[in-house]
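A.B. asks: Sharing a structure here in structure tokens format.
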Amino acid sequence: MANSAALPAHPQGSGQAPQDGATKRDFLKLLAGASALVGVGAIAWPLIDSMNPSQDVLALSSIEVNLTPIPEGSGITVLWRGKPIFVRHRTPAEIKAAEDVKLSELIEPQADADRVKAGHAQWLVLIGICTHLGCVPLGNKPTDPRGEWGGWFCPCHGSQYDTSGRVRHGPAPLNLYLVPYAFENDTKIKIG
Amino acid sequence: MVGLYKSDFKNPVVNWIDTRMPVFTLMQKEYAAFPTPKNFNYFWNFGALAMVNLMIMIATGVFLAMNYTPNVAMAFNSIEHIMRDVNWGWLIRYAHMNGASMFFIVVYIHTFRGLYYGSYKAPRELLWMLGVVILLLMMATAFMGYVLPWGQMSYWGATVITNLFSAIPLVGPSIVTWLWGGFSVDNATLNRFYSLHYLLPFVIVGVVFFHVIALHITGSNNPLGIDVKSPQDTIPFHPYYTIKDSVGICVYLLVFAALVFFSPNFFASPDNYIPANPLQTPAEIVPEWYFLPFYAILRSVPNKLGGVMMMFGSIMVLFVLPWLDTSPVRSARFRPIYRQVFWLLVIAVLALGAVGAHRPQGIWVVIGRVATLYYFLHFLVILPILGKLERPLPLPESISRPVIRGGGPMPGGAPAKPMEKP
Amino acid sequence: MRFKYVAPALLLGAALVTALGAAPAAAQQDVAKFKQSQPTEAPSLPKLAWSFDGPFGTFDRASAQRGFLIYQQVCSACHSMDQLYYRNLSGIGLSEEQIKAIAASVQVPGGVNDQGQPIERPGLPSDHFKAPFPNEEAARAANNGALPPDQSVLELAREGGPNYLYAILTGYRDPPAGLKMQPGMSYNLYFPGFQIAMPQPLQDDSVQYTDGVKPTLDQEAKDVVTFLTWAANPEMEERKQTGVRVVLFLVFLTGVTYATKRRIWSDLHH
């Protein structure tokens, strides 16, 4: 410290105390200081952690979707973590169309096999948000406009996606994003 | 460089800042080297404890506010959401809830310490009055905070306390409607209480700042109540009182932790776990424990306006206390009669607390009235007279010299002169 | 000199008045509420030894699960538990599969269909406990005008907590001769005013336990109170365990700080 109080009668500072006393005091001070620091950290952590997702939010962070009511050729939209998720039941013709495309024709080349689960090629699960500016594309219902490639059509700026959710016509730069999911059994998936 | 402060700090970064804004010099002067009477006892911890408590309340409160919803339909559920779903929410909420009680325990002890050792006397009158302002702000903040969970006691406590203002002649009912923002305690009331409950703690921080400035101008009182005469009487605040305050903080945290973790609802009313219901009044409306003495004074007066005035008067009297107490001697240690009436006051306040917790019937009415009477007699009659009649014990020469022992009254009965001109 | 004794005399007087008034009145404080509207006196609450008592107490999982069974089969006919989610039941040791099955056994509002009509779906672990009545009016209409209170935090909302709940559940008696009962009310020793709108909910063998425990009234009451106490304080075990660690740490910190204080101050006391 820069200056010390005038204390003629009572010398302060460990320098003037006996050597063993000084080391003991320094050790005690260090121990007390370190412990207090641990204590402050222990107080701070619950406050910080309280800003992480709460239990009710986490409980909704994975959802189960029953596939039985989705007829072939159409899809449904479910809400997962605040985003629309498309679950599409593809017809054999749609699957074939998706698989037969040459990768070189694609804006973002990706094989259809990499976008579905092996053995469940009829099911396509995507985030239903256009990769251009975030609109929700149309095309889940067979009666919706699906664009030239039979997948989805974004009404905002005319982006078109094929039956694998890959972008085929701009302005969208990327394919529709995939979501992490797993089959619990043949008729039920768990998203998240 | 011209115009810059010349800092003595060695660390270049500290020096650079200190040269341009001497906060480090200020801290060094006011908290490290600050000359402090060497004879504090552990009652002098409670100011620091109150400061720590205020910080705990603000920290926990800010994080509670992130999850609380100030709406009559959602407030109760949002508290349960905090308790059940938010990570550590139960800890933050219970700490805030019990922190309010701890705050009043600490501040009441701090206040009674000031009363016992005469810390309100010249030249510390303004320091004391700022303290009373802090107490009033704390009460307002605590009252509005208690409304936020929107339980039965929240609702009916708010109704009863706001209705106190209806006792004001002529404009009373209009004031109550204005306070409510409607024709009963309702969503508008909850919202404004939430807003003010968030604001007032920062006002308290501001007044605490002035409280500390005033303290550092006059210097601290001490258990002997005599002025510092020479450097031998003082020690630097750091490390002596920083470490002594730390001991107090540890013990305080132990008590606090015992409450929060093992008996979090010790001070809570079961009725506040029932959602607010404007159609049904609880069997007994009891305020939080720290308001009980004032509530007892309110009920001890059979007249509505009179009761309200006495209740507010019981705090207002503290503002003029420095002029009511006419004795030149500060510390009760040298005032044999004052020492006794001080403990009578403590008993009266404790008795009022007990009265406030019980139905106003039978013996409780009698005790309430006797204690109320004594409370006001103590400040308005006994203290002014006592200062003139009481013969204080001889005062020690200085803090660093041993107390004169075995001495009777000073020769010639000359009154001691503790408050010499600085 | 005479003046000197005024204060002690006042003190003694005040202390006496306070003591005389406070002691018996404090003892009767709980009883006073019951006495208010009735000439007869309610007995004081029974004090039971609960698994969750004390700084190391935990919830007896088996008892809480039996209590949940009682809630499902008896209480939930009238009482809601709005603050609880089915997923919370993991706190009394139910498995994920059990919880899914319990949740799926109820139908909950599932938003609207394509035509905008409200639809129902089976419950999920992330759903709140389903309430027996859609609103307060329906609850009152079905219960003789009385509103069955929500049981989420009932244990905290009653003076005496678990002991009070146990006392109510086991406090049903025949009304004393000469007492005029209101229509539809039952006599209960521990209920304020003695007349309670809830008919005796539990008797011996009200439920079938699957774990071989004999479902006596006493056992059922203890189990359901354990469940309700857990429901009101699901954080209790974590709270107490954290508390033990915090207190141990603070005791250590206090010791170290006090030793440091003694050291630092030692150069002042020559």
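Going by the structure tokens order, chains are called A, B, ..., each with residues numbered from 1, while ligands are numbered from 1 in the order shown.
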Select all residues from chain B having any atom no more than 8 Å from an atom of chain C (counting only C-alpha atoms, ignoring ligands), output as a PyMOL selection string.

C.D. replies: chain B and resi 77+80-81+83-84+90-91+239-240+243-244+246-247+250-251+253-254+257-258+261-262+269-274+283+337+340-341+344+347+351+354+358+363-364+367

A.B. asks: Could you work out which residues of chain B fall inside 10 Å of chain A? Count only C-alpha atoms, and format the result as an NGL selection string.

C.D. replies: :B and (7-11 or 24-25 or 28-29 or 32-35 or 56 or 59-60 or 62-64 or 66-67 or 81-82 or 84-89 or 91-92 or 231-239 or 243 or 246 or 250)

A.B. asks: CA of Gly193 (chain C) to CA of Gln361 (chain B): how many Å, to one decimal?

C.D. replies: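 The value is 19.6 Å.
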
A.B. asks: Could you check the closest approach to chain A for each of C:Gly184, C:Pro175, C:Pro125, C:Pro201 and tell me which residue wins, using only C-alpha atoms?

C.D. replies: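 Checking each candidate against chain A, we get C:Pro125 as the closest.
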
A.B. asks: As a PyMOL selection string, please: every residue in region 160-243 of chain C that DSSP puts in helix (DSSP H, G or I).

C.D. replies: chain C and resi 161-170+217-232+236-243

A.B. asks: Name the residues in contact with Trp150 (chain B) at a cut-off of 8 Å, using only C-alpha atoms, excluding same-chain residues fewer than 2 positions from it; report them as a compact mmCIF listing (two decimals) with N, CA and C atoms, in the first residue's frame.

C.D. replies:
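The result, written out as part-v1.txt:
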# COMPACT_ATOMS: atom_id res chain seq x y z
N VAL B 72 -51.23 -10.68 -11.50
CA VAL B 72 -52.01 -11.37 -10.47
C VAL B 72 -52.32 -12.81 -10.86
N ALA B 75 -48.25 -14.48 -10.72
CA ALA B 75 -47.22 -14.22 -9.72
C ALA B 75 -46.99 -15.43 -8.82
N PHE B 76 -48.06 -15.98 -8.24
CA PHE B 76 -47.92 -17.11 -7.33
C PHE B 76 -47.26 -18.29 -8.03
N VAL B 147 -45.52 -8.38 -0.88
CA VAL B 147 -46.75 -8.46 -1.68
C VAL B 147 -46.53 -9.30 -2.94
N LEU B 148 -45.27 -9.35 -3.42
CA LEU B 148 -45.02 -9.92 -4.74
C LEU B 148 -45.41 -11.40 -4.90
N GLN B 152 -52.05 -15.15 0.26
CA GLN B 152 -53.10 -14.52 1.05
C GLN B 152 -52.56 -13.40 1.92
N MET B 153 -51.40 -13.62 2.58
CA MET B 153 -50.86 -12.58 3.45
C MET B 153 -50.36 -11.40 2.63
N SER B 154 -49.83 -11.69 1.43
CA SER B 154 -49.40 -10.61 0.54
C SER B 154 -50.58 -9.69 0.28
N TYR B 155 -51.67 -10.31 -0.15
CA TYR B 155 -52.83 -9.55 -0.56
C TYR B 155 -53.45 -8.78 0.60
N ASN B 272 -49.35 -17.54 3.41
CA ASN B 272 -48.83 -16.99 2.16
C ASN B 272 -48.53 -18.07 1.13
N PRO B 275 -52.80 -19.07 -2.54
CA PRO B 275 -52.87 -17.95 -3.49
C PRO B 275 -53.87 -16.88 -3.03
N ALA B 276 -53.56 -15.63 -3.35
CA ALA B 276 -54.40 -14.51 -2.93
C ALA B 276 -55.84 -14.72 -3.36

A.B. asks: So how many Å separate CA of Cys135 (chain A) and CA of Asn113 (chain C), to one decimal?

C.D. replies: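 CA of Asn113 (chain C) lies 22.1 Å from CA of Cys135 (chain A).
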